[in-house]
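S.K.: Sending over final_23.tsv (TSV, C-alpha atoms and all ligand atoms).
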```
chain	number	residue	atom	x	y	z
A	1120	MET	CA	87.49	92.74	103.29
A	1121	ASN	CA	90.93	91.79	104.66
A	1122	ASP	CA	91.40	93.52	108.03
A	1123	LYS	CA	95.01	94.36	107.14
A	1124	ASN	CA	93.84	96.54	104.26
A	1125	THR	CA	91.25	98.56	106.11
A	1126	THR	CA	91.61	101.84	107.94
A	1127	HIS	CA	89.51	104.53	109.58
A	1128	PHE	CA	87.61	107.19	107.72
A	1129	GLY	CA	86.27	109.01	110.77
A	1130	PHE	CA	84.33	106.35	112.71
A	1131	GLU	CA	83.84	104.16	109.63
A	1132	LYS	CA	86.16	101.30	108.75
A	1133	VAL	CA	86.92	101.44	105.04
A	1134	ALA	CA	89.30	99.93	102.50
A	1135	GLU	CA	92.59	101.83	102.36
A	1136	ALA	CA	92.05	102.95	98.77
A	1137	GLU	CA	88.60	104.21	99.66
A	1138	LYS	CA	89.96	106.38	102.47
A	1139	ALA	CA	92.26	108.28	100.10
A	1140	ARG	CA	89.35	108.84	97.69
A	1141	ARG	CA	87.02	110.04	100.42
A	1142	VAL	CA	89.62	112.35	101.94
A	1143	ALA	CA	90.10	113.79	98.44
A	1144	ASP	CA	86.32	114.35	98.20
A	1145	VAL	CA	86.33	116.20	101.54
A	1146	PHE	CA	89.02	118.66	100.46
A	1147	ASP	CA	87.65	119.09	96.92
A	1148	SER	CA	84.37	120.05	98.53
A	1149	VAL	CA	85.66	122.51	101.14
A	1150	ALA	CA	88.69	124.03	99.34
A	1151	GLN	CA	87.01	127.29	98.28
A	1152	ARG	CA	85.83	128.19	101.76
A	1153	TYR	CA	88.49	126.36	103.76
A	1154	ASP	CA	90.21	129.48	105.14
A	1155	LEU	CA	86.97	131.16	106.20
A	1156	MET	CA	85.81	127.96	107.86
A	1157	ASN	CA	89.10	127.67	109.79
A	1158	ASP	CA	88.72	131.17	111.18
A	1159	VAL	CA	85.08	130.71	112.12
A	1160	MET	CA	85.30	127.30	113.74
A	1161	SER	CA	88.50	128.00	115.71
A	1162	GLY	CA	87.57	131.60	116.55
A	1163	GLY	CA	90.82	132.60	114.83
A	1164	MET	CA	92.87	130.38	117.15
A	1165	HIS	CA	94.41	128.37	114.30
A	1166	ARG	CA	96.49	131.49	113.56
A	1167	LEU	CA	98.01	131.35	117.06
A	1168	TRP	CA	98.66	127.60	116.80
A	1169	LYS	CA	100.44	128.17	113.49
A	1170	ALA	CA	102.39	131.16	114.89
A	1171	PHE	CA	103.59	128.90	117.73
A	1172	THR	CA	104.65	126.27	115.19
A	1173	ILE	CA	106.70	128.84	113.31
A	1174	ALA	CA	108.28	130.04	116.56
A	1175	LYS	CA	109.40	126.48	117.32
A	1176	SER	CA	110.63	125.76	113.79
A	1177	GLY	CA	114.11	127.26	114.01
A	1178	VAL	CA	113.59	128.47	110.44
A	1179	ARG	CA	115.66	131.51	109.52
A	1180	GLN	CA	117.13	133.32	106.50
A	1181	GLY	CA	118.43	130.75	104.02
A	1182	SER	CA	116.58	127.72	105.47
A	1183	ARG	CA	115.07	125.04	103.25
A	1184	VAL	CA	111.52	124.21	104.35
A	1185	LEU	CA	109.00	121.61	103.18
A	1186	ASP	CA	105.32	122.20	104.03
A	1187	VAL	CA	103.61	118.79	103.66
A	1188	ALA	CA	99.80	118.75	103.25
A	1189	GLY	CA	100.21	122.52	103.11
A	1190	GLY	CA	96.77	123.14	101.62
A	1191	THR	CA	95.99	126.83	101.27
A	1192	GLY	CA	99.51	127.71	102.41
A	1193	ASP	CA	99.31	129.44	105.81
A	1194	LEU	CA	102.60	127.99	107.02
A	1195	SER	CA	104.30	128.27	103.63
A	1196	LEU	CA	103.47	131.97	103.50
A	1197	ALA	CA	104.92	132.61	106.97
A	1198	PHE	CA	108.05	130.61	106.12
A	1199	ALA	CA	108.46	132.35	102.75
A	1200	ARG	CA	108.53	135.66	104.62
A	1201	ARG	CA	111.21	134.29	106.96
A	1202	VAL	CA	113.68	132.52	104.69
A	1203	GLY	CA	114.31	135.42	102.30
A	1204	ARG	CA	115.79	135.07	98.82
A	1205	SER	CA	118.53	132.70	99.92
A	1206	GLY	CA	116.06	130.18	101.35
A	1207	GLU	CA	113.60	127.77	99.80
A	1208	VAL	CA	110.01	126.89	100.78
A	1209	TRP	CA	108.02	124.15	99.03
A	1210	LEU	CA	104.23	124.07	99.31
A	1211	THR	CA	102.98	120.52	98.74
A	1212	ASP	CA	99.65	118.73	99.02
A	1213	ILE	CA	97.94	115.70	97.48
A	1214	ASN	CA	94.86	117.72	96.59
A	1215	ASN	CA	94.83	119.92	93.51
A	1216	ALA	CA	91.98	122.20	94.64
A	1217	MET	CA	93.65	123.01	97.97
A	1218	LEU	CA	97.05	123.46	96.38
A	1219	THR	CA	95.75	125.72	93.62
A	1220	ASN	CA	94.12	127.96	96.21
A	1221	GLY	CA	97.34	128.03	98.20
A	1222	ARG	CA	99.50	128.82	95.19
A	1223	ASP	CA	97.17	131.64	94.07
A	1224	ARG	CA	97.04	133.07	97.56
A	1225	LEU	CA	100.83	133.17	97.85
A	1226	CYS	CA	101.11	134.70	94.36
A	1227	ASP	CA	98.61	137.41	95.33
A	1228	LYS	CA	100.84	138.25	98.29
A	1229	GLY	CA	103.93	138.46	96.07
A	1230	PHE	CA	105.52	135.06	96.79
A	1231	LEU	CA	106.27	132.78	93.86
A	1232	ILE	CA	107.33	129.62	95.66
A	1233	PRO	CA	107.65	126.11	94.21
A	1234	VAL	CA	104.55	123.97	94.53
A	1235	ALA	CA	104.23	120.18	94.13
A	1236	GLN	CA	101.17	117.96	94.12
A	1237	CYS	CA	102.30	114.81	95.91
A	1238	ASP	CA	101.42	112.17	98.45
A	1239	ALA	CA	103.21	112.58	101.79
A	1240	GLU	CA	103.82	108.84	101.70
A	1241	LYS	CA	106.00	109.21	98.57
A	1242	LEU	CA	107.73	112.56	98.64
A	1243	PRO	CA	109.48	113.52	95.37
A	1244	PHE	CA	112.53	115.02	97.09
A	1245	PRO	CA	116.08	113.77	97.66
A	1246	ASP	CA	117.31	112.44	101.00
A	1247	GLU	CA	118.54	114.96	103.57
A	1248	TYR	CA	117.49	118.08	101.67
A	1249	PHE	CA	115.40	120.13	104.11
A	1250	ASP	CA	116.24	121.92	107.36
A	1251	CYS	CA	112.63	121.76	108.49
A	1252	VAL	CA	109.55	119.76	107.49
A	1253	THR	CA	106.08	120.72	108.73
A	1254	VAL	CA	102.70	119.06	108.53
A	1255	ALA	CA	99.73	120.97	109.95
A	1256	PHE	CA	96.36	119.26	110.34
A	1257	GLY	CA	97.35	116.84	107.59
A	1258	LEU	CA	98.71	113.67	109.25
A	1259	ARG	CA	95.25	112.69	110.58
A	1260	ASN	CA	94.04	112.32	107.01
A	1261	MET	CA	96.86	110.09	105.81
A	1262	THR	CA	96.31	106.37	105.31
A	1263	HIS	CA	99.75	105.16	106.40
A	1264	LYS	CA	100.94	107.65	109.00
A	1265	ASP	CA	104.06	105.56	109.69
A	1266	ALA	CA	105.11	105.67	106.02
A	1267	ALA	CA	104.43	109.42	105.82
A	1268	LEU	CA	106.48	110.14	108.94
A	1269	ALA	CA	109.34	107.98	107.62
A	1270	GLU	CA	109.29	109.93	104.35
A	1271	MET	CA	109.35	113.27	106.18
A	1272	ARG	CA	112.34	112.04	108.19
A	1273	ARG	CA	114.09	110.82	105.04
A	1274	VAL	CA	114.08	114.26	103.42
A	1275	LEU	CA	115.36	116.02	106.57
A	1276	ARG	CA	119.07	116.79	106.83
A	1277	PRO	CA	120.88	115.56	109.95
A	1278	GLY	CA	120.02	118.08	112.67
A	1279	GLY	CA	116.80	119.01	110.88
A	1280	ARG	CA	113.41	119.06	112.61
A	1281	LEU	CA	109.94	117.76	111.91
A	1282	LEU	CA	106.96	119.68	113.29
A	1283	VAL	CA	103.55	118.02	113.42
A	1284	LEU	CA	100.65	120.31	114.33
A	1285	GLU	CA	97.47	118.30	114.81
A	1286	PHE	CA	94.27	117.99	116.80
A	1287	SER	CA	94.86	115.91	119.89
A	1288	GLN	CA	93.29	114.78	123.12
A	1289	VAL	CA	91.66	117.60	125.02
A	1290	TRP	CA	91.97	118.07	128.80
A	1291	LYS	CA	89.41	115.62	130.27
A	1292	PRO	CA	87.18	118.14	132.13
A	1293	LEU	CA	86.73	120.06	128.90
A	1294	ALA	CA	85.74	116.95	126.91
A	1295	PRO	CA	81.90	117.18	127.24
A	1296	VAL	CA	81.81	120.80	126.04
A	1297	TYR	CA	84.33	120.06	123.30
A	1298	ASP	CA	82.36	117.00	122.14
A	1299	PHE	CA	79.16	119.04	121.99
A	1300	TYR	CA	80.88	121.79	120.03
A	1301	SER	CA	82.63	119.48	117.59
A	1302	PHE	CA	79.79	117.02	116.91
A	1303	LYS	CA	76.77	119.36	117.11
A	1304	ILE	CA	77.95	122.87	116.25
A	1305	ILE	CA	80.85	122.49	113.80
A	1306	PRO	CA	78.93	120.34	111.27
A	1307	ARG	CA	76.14	122.96	111.28
A	1308	ILE	CA	78.60	125.78	110.70
A	1309	GLY	CA	80.08	123.60	107.93
A	1310	GLN	CA	76.65	123.26	106.36
A	1311	ILE	CA	76.06	127.03	106.41
A	1312	ILE	CA	79.49	128.06	105.11
A	1313	THR	CA	80.42	125.20	102.77
A	1314	GLN	CA	77.05	123.48	102.24
A	1315	ASP	CA	78.83	120.33	103.39
A	1316	GLU	CA	77.89	119.05	106.83
A	1317	ALA	CA	79.36	115.57	106.26
A	1318	SER	CA	82.92	116.81	105.73
A	1319	TYR	CA	82.86	118.62	109.05
A	1320	ARG	CA	81.37	115.57	110.78
A	1321	TYR	CA	84.36	113.67	109.35
A	1322	LEU	CA	86.62	116.33	110.93
A	1323	ALA	CA	85.16	115.68	114.40
A	1324	GLU	CA	85.31	111.91	113.99
A	1325	SER	CA	88.82	111.84	112.52
A	1326	ILE	CA	90.13	113.72	115.57
A	1327	ARG	CA	88.73	111.01	117.87
A	1328	VAL	CA	90.46	108.16	116.03
A	1329	HIS	CA	93.80	109.98	115.71
A	1330	PRO	CA	96.56	109.00	118.20
A	1331	ASP	CA	96.71	111.11	121.35
A	1332	GLN	CA	99.78	113.09	122.43
A	1333	GLU	CA	101.76	110.08	123.71
A	1334	GLY	CA	100.59	107.89	120.82
A	1335	LEU	CA	101.85	110.32	118.21
A	1336	LYS	CA	105.13	110.77	120.10
A	1337	SER	CA	105.64	106.98	119.90
A	1338	LEU	CA	104.80	106.94	116.19
A	1339	MET	CA	107.39	109.64	115.56
A	1340	GLU	CA	109.99	107.75	117.57
A	1341	GLN	CA	109.21	104.54	115.66
A	1342	ALA	CA	109.79	106.52	112.44
A	1343	GLY	CA	113.31	107.28	113.72
A	1344	LEU	CA	112.81	110.81	115.02
A	1345	GLU	CA	114.69	111.71	118.16
A	1346	LYS	CA	114.26	114.04	121.14
A	1347	VAL	CA	110.53	114.04	120.41
A	1348	GLU	CA	108.52	116.38	122.60
A	1349	TYR	CA	105.10	117.94	122.41
A	1350	PHE	CA	103.38	121.13	123.47
A	1351	ASN	CA	99.68	121.14	124.31
A	1352	LEU	CA	97.87	124.16	122.92
A	1353	THR	CA	94.42	125.34	124.04
A	1354	LEU	CA	94.20	122.60	126.70
A	1355	GLY	CA	95.13	119.85	124.28
A	1356	VAL	CA	92.61	120.71	121.58
A	1357	VAL	CA	95.75	120.82	119.46
A	1358	ALA	CA	99.30	119.61	120.11
A	1359	LEU	CA	102.53	120.52	118.39
A	1360	HIS	CA	104.98	117.61	118.23
A	1361	ARG	CA	108.61	118.27	117.40
A	1362	GLY	CA	111.26	115.69	116.62
A	1363	PHE	CA	114.79	115.80	115.24
A	1364	LYS	CA	116.80	113.72	112.81
A	1365	PHE	CA	120.36	113.05	113.92
B	1	LIG	N1	98.18	122.56	106.33
B	1	LIG	C1	97.01	123.31	105.96
B	1	LIG	C2	96.50	124.08	107.16
B	1	LIG	O1	97.00	123.87	108.25
B	1	LIG	O2	95.60	124.90	106.99
B	1	LIG	C3	95.93	122.41	105.38
B	1	LIG	C4	95.39	121.36	106.32
B	1	LIG	S1	93.99	120.48	105.67
B	1	LIG	C5	93.03	120.21	107.11
B	1	LIG	C6	94.63	118.88	105.38
B	1	LIG	C7	95.35	118.74	104.09
B	1	LIG	O3	95.98	117.46	104.06
B	1	LIG	C8	94.44	118.80	102.85
B	1	LIG	O4	94.84	119.85	102.02
B	1	LIG	C9	94.64	117.44	102.19
B	1	LIG	O5	94.55	117.45	100.80
B	1	LIG	C10	96.02	117.06	102.68
B	1	LIG	N2	96.33	115.62	102.60
B	1	LIG	C11	95.56	114.58	102.99
B	1	LIG	N3	96.18	113.41	102.75
B	1	LIG	C12	97.40	113.72	102.21
B	1	LIG	C13	98.50	112.95	101.76
B	1	LIG	N4	98.50	111.62	101.82
B	1	LIG	N5	99.58	113.60	101.27
B	1	LIG	C14	99.61	114.94	101.21
B	1	LIG	N6	98.59	115.73	101.62
B	1	LIG	C15	97.49	115.13	102.13
```
Could the structure of this file be written out as structure tokens, please?

M.R.:
Amino acid sequence: MNDKNTTHFGFEKVAEAEKARRVADVFDSVAQRYDLMNDVMSGGMHRLWKAFTIAKSGVRQGSRVLDVAGGTGDLSLAFARRVGRSGEVWLTDINNAMLTNGRDRLCDKGFLIPVAQCDAEKLPFPDEYFDCVTVAFGLRNMTHKDAALAEMRRVLRPGGRLLVLEFSQVWKPLAPVYDFYSFKIIPRIGQIITQDEASYRYLAESIRVHPDQEGLKSLMEQAGLEKVEYFNLTLGVVALHRGFKF
């Protein structure tokens, strides 16, 4: 296997095409119980992390928002409530099972927003269209993070902002407890709730091979984003990165 064409799938090194297929398997498998699992494993904290993201988004009535890797639509729903009839929110994801759940959930709550199944690395939107692009817990799963970030920047209007919410590097003293929880407890909870321990082992591993706070800031800057800053949440378990296009 040519080293240039390999990437990480958790701790495994795999061919790039295999990563995309295996990530698809993970989300096909967990889609039905994804929301329940998020609440259980984060003790509901993912709601606070997402609320913080929305608070930092600058999204208001009339804004155009793109939710990349939006899955079951938590952020899209919050944005749809904010932008009103004059705004526009797109829920997008590469995975049909996640997207279908998200679309149905938003419909049930009375929001008929546009939905597109697409790869973040090739977004089917014109240049400079959106005021805000978000990606929550999605970038870690992408094969070419640099290409995905460049695409997200491309579709932002000048002055627009990109928000990346993602697991990050936890405060060092907390690391032993966090490691125990994520490698020993989360996969077991995953087994009980989704009958899929392996997918939740992948979650723990994929966090460890994802760039840390400074690493992701550099990646965003290399993609052309400016004034990049980050906010550590829950002692760095998660970080919100924000960058602008000028
Ligand atoms: N944003 C949602 C949230 O915060 O609850 C869902 C996050 S879920 C952990 C990650 C999502 O990333 C999955 O729905 C998966 O299908 C999607 N994804 C993975 N690779 C992708 C890609 N290349 N392009 C678009 N979406 C992708």

S.K.: What is the distance between atom CA of Ala1342 of chain A and atom C14 of ligand LIG 1 (chain B), in Å to one decimal?

M.R.: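 Distance between the two atoms: 17.3 Å.
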
S.K.: Tell me which of A:Ile1305, A:Ile1213, A:Leu1352, A:Ala1239 sits closest to Val1142 of chain A, counting all atoms listed in the file.

M.R.: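 Answer, going by the shortest atom-to-atom distance: A:Ile1213.
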
S.K.: Work out how far apart atom CA of Lys1264 of chain A and atom CA of Arg1307 of chain A are and give it in Å to one decimal.

M.R.: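 Rounded to one decimal, the two atoms are 29.2 Å apart.
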
S.K.: Residues within 12 Å of (102.4, 130.8, 104.7), file coordinates, counting all atoms listed in the file: what are they? Give the list as a PyMOL selection string.

M.R.: chain A and resi 1166+1169-1170+1172-1173+1184-1186+1189-1202+1208-1211+1221-1226+1228-1232+1253+1255

S.K.: Atoms to include: C-alpha atoms. Write the selected residues as a PDB file, in the frame of the given file.

M.R.:
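As written to disk, part25.pdb reads:
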```pdb
ATOM      1  CA  ARG A1166      96.490 131.490 113.560  1.00  0.00           C
ATOM      2  CA  LYS A1169     100.440 128.170 113.490  1.00  0.00           C
ATOM      3  CA  ALA A1170     102.390 131.160 114.890  1.00  0.00           C
ATOM      4  CA  THR A1172     104.650 126.270 115.190  1.00  0.00           C
ATOM      5  CA  ILE A1173     106.700 128.840 113.310  1.00  0.00           C
ATOM      6  CA  VAL A1184     111.520 124.210 104.350  1.00  0.00           C
ATOM      7  CA  LEU A1185     109.000 121.610 103.180  1.00  0.00           C
ATOM      8  CA  ASP A1186     105.320 122.200 104.030  1.00  0.00           C
ATOM      9  CA  GLY A1189     100.210 122.520 103.110  1.00  0.00           C
ATOM     10  CA  GLY A1190      96.770 123.140 101.620  1.00  0.00           C
ATOM     11  CA  THR A1191      95.990 126.830 101.270  1.00  0.00           C
ATOM     12  CA  GLY A1192      99.510 127.710 102.410  1.00  0.00           C
ATOM     13  CA  ASP A1193      99.310 129.440 105.810  1.00  0.00           C
ATOM     14  CA  LEU A1194     102.600 127.990 107.020  1.00  0.00           C
ATOM     15  CA  SER A1195     104.300 128.270 103.630  1.00  0.00           C
ATOM     16  CA  LEU A1196     103.470 131.970 103.500  1.00  0.00           C
ATOM     17  CA  ALA A1197     104.920 132.610 106.970  1.00  0.00           C
ATOM     18  CA  PHE A1198     108.050 130.610 106.120  1.00  0.00           C
ATOM     19  CA  ALA A1199     108.460 132.350 102.750  1.00  0.00           C
ATOM     20  CA  ARG A1200     108.530 135.660 104.620  1.00  0.00           C
ATOM     21  CA  ARG A1201     111.210 134.290 106.960  1.00  0.00           C
ATOM     22  CA  VAL A1202     113.680 132.520 104.690  1.00  0.00           C
ATOM     23  CA  VAL A1208     110.010 126.890 100.780  1.00  0.00           C
ATOM     24  CA  TRP A1209     108.020 124.150  99.030  1.00  0.00           C
ATOM     25  CA  LEU A1210     104.230 124.070  99.310  1.00  0.00           C
ATOM     26  CA  THR A1211     102.980 120.520  98.740  1.00  0.00           C
ATOM     27  CA  GLY A1221      97.340 128.030  98.200  1.00  0.00           C
ATOM     28  CA  ARG A1222      99.500 128.820  95.190  1.00  0.00           C
ATOM     29  CA  ASP A1223      97.170 131.640  94.070  1.00  0.00           C
ATOM     30  CA  ARG A1224      97.040 133.070  97.560  1.00  0.00           C
ATOM     31  CA  LEU A1225     100.830 133.170  97.850  1.00  0.00           C
ATOM     32  CA  CYS A1226     101.110 134.700  94.360  1.00  0.00           C
ATOM     33  CA  LYS A1228     100.840 138.250  98.290  1.00  0.00           C
ATOM     34  CA  GLY A1229     103.930 138.460  96.070  1.00  0.00           C
ATOM     35  CA  PHE A1230     105.520 135.060  96.790  1.00  0.00           C
ATOM     36  CA  LEU A1231     106.270 132.780  93.860  1.00  0.00           C
ATOM     37  CA  ILE A1232     107.330 129.620  95.660  1.00  0.00           C
ATOM     38  CA  THR A1253     106.080 120.720 108.730  1.00  0.00           C
ATOM     39  CA  ALA A1255      99.730 120.970 109.950  1.00  0.00           C
TER      40      ALA A1255
END
```

S.K.: At what distance in Å, to one decimal, does atom CA of Ile1326 of chain A lie from atom CA of Leu1293 of chain A?

M.R.: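 Between atom CA of Leu1293 of chain A and atom CA of Ile1326 of chain A the gap is 15.1 Å.
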
S.K.: Can you work out which one of A:Pro1243, A:Gly1343, A:Gly1257, A:Gly1162 has the shortest atom-to-atom distance to ligand LIG 1 (chain B), counting all atoms listed in the file?

M.R.: A:Gly1257

S.K.: May I ask which of the residues A:Ala1317, A:Met1164, A:Leu1242, A:Ala1174 is the closest one to ligand LIG 1 (chain B), counting all atoms listed in the file?

M.R.: A:Leu1242

S.K.: Please identify all polymer residues within 10 Å of Gln1151 of chain A, counting only C-alpha atoms, omitting same-chain residues fewer than 5 positions from it, and present them as a PyMOL selection string.

M.R.: chain A and resi 1146+1156+1191+1216-1217+1220+1313

S.K.: Tell me which of A:Leu1268, A:Ala1139, A:Ile1311, A:Val1254 sits closest to Leu1284 of chain A, counting all atoms listed in the file.

M.R.: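 For Leu1284 of chain A, the nearest of the candidates is A:Val1254.
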
S.K.: Check the smallest atom-to-atom distance from each of A:Tyr1297, A:Tyr1319, A:Phe1363, A:Phe1249 to ligand LIG 1 (chain B) using all atoms listed in the file, then report the winner.

M.R.: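 Nearest candidate to ligand LIG 1 (chain B) out of A:Tyr1297, A:Tyr1319, A:Phe1363, A:Phe1249: A:Tyr1319.
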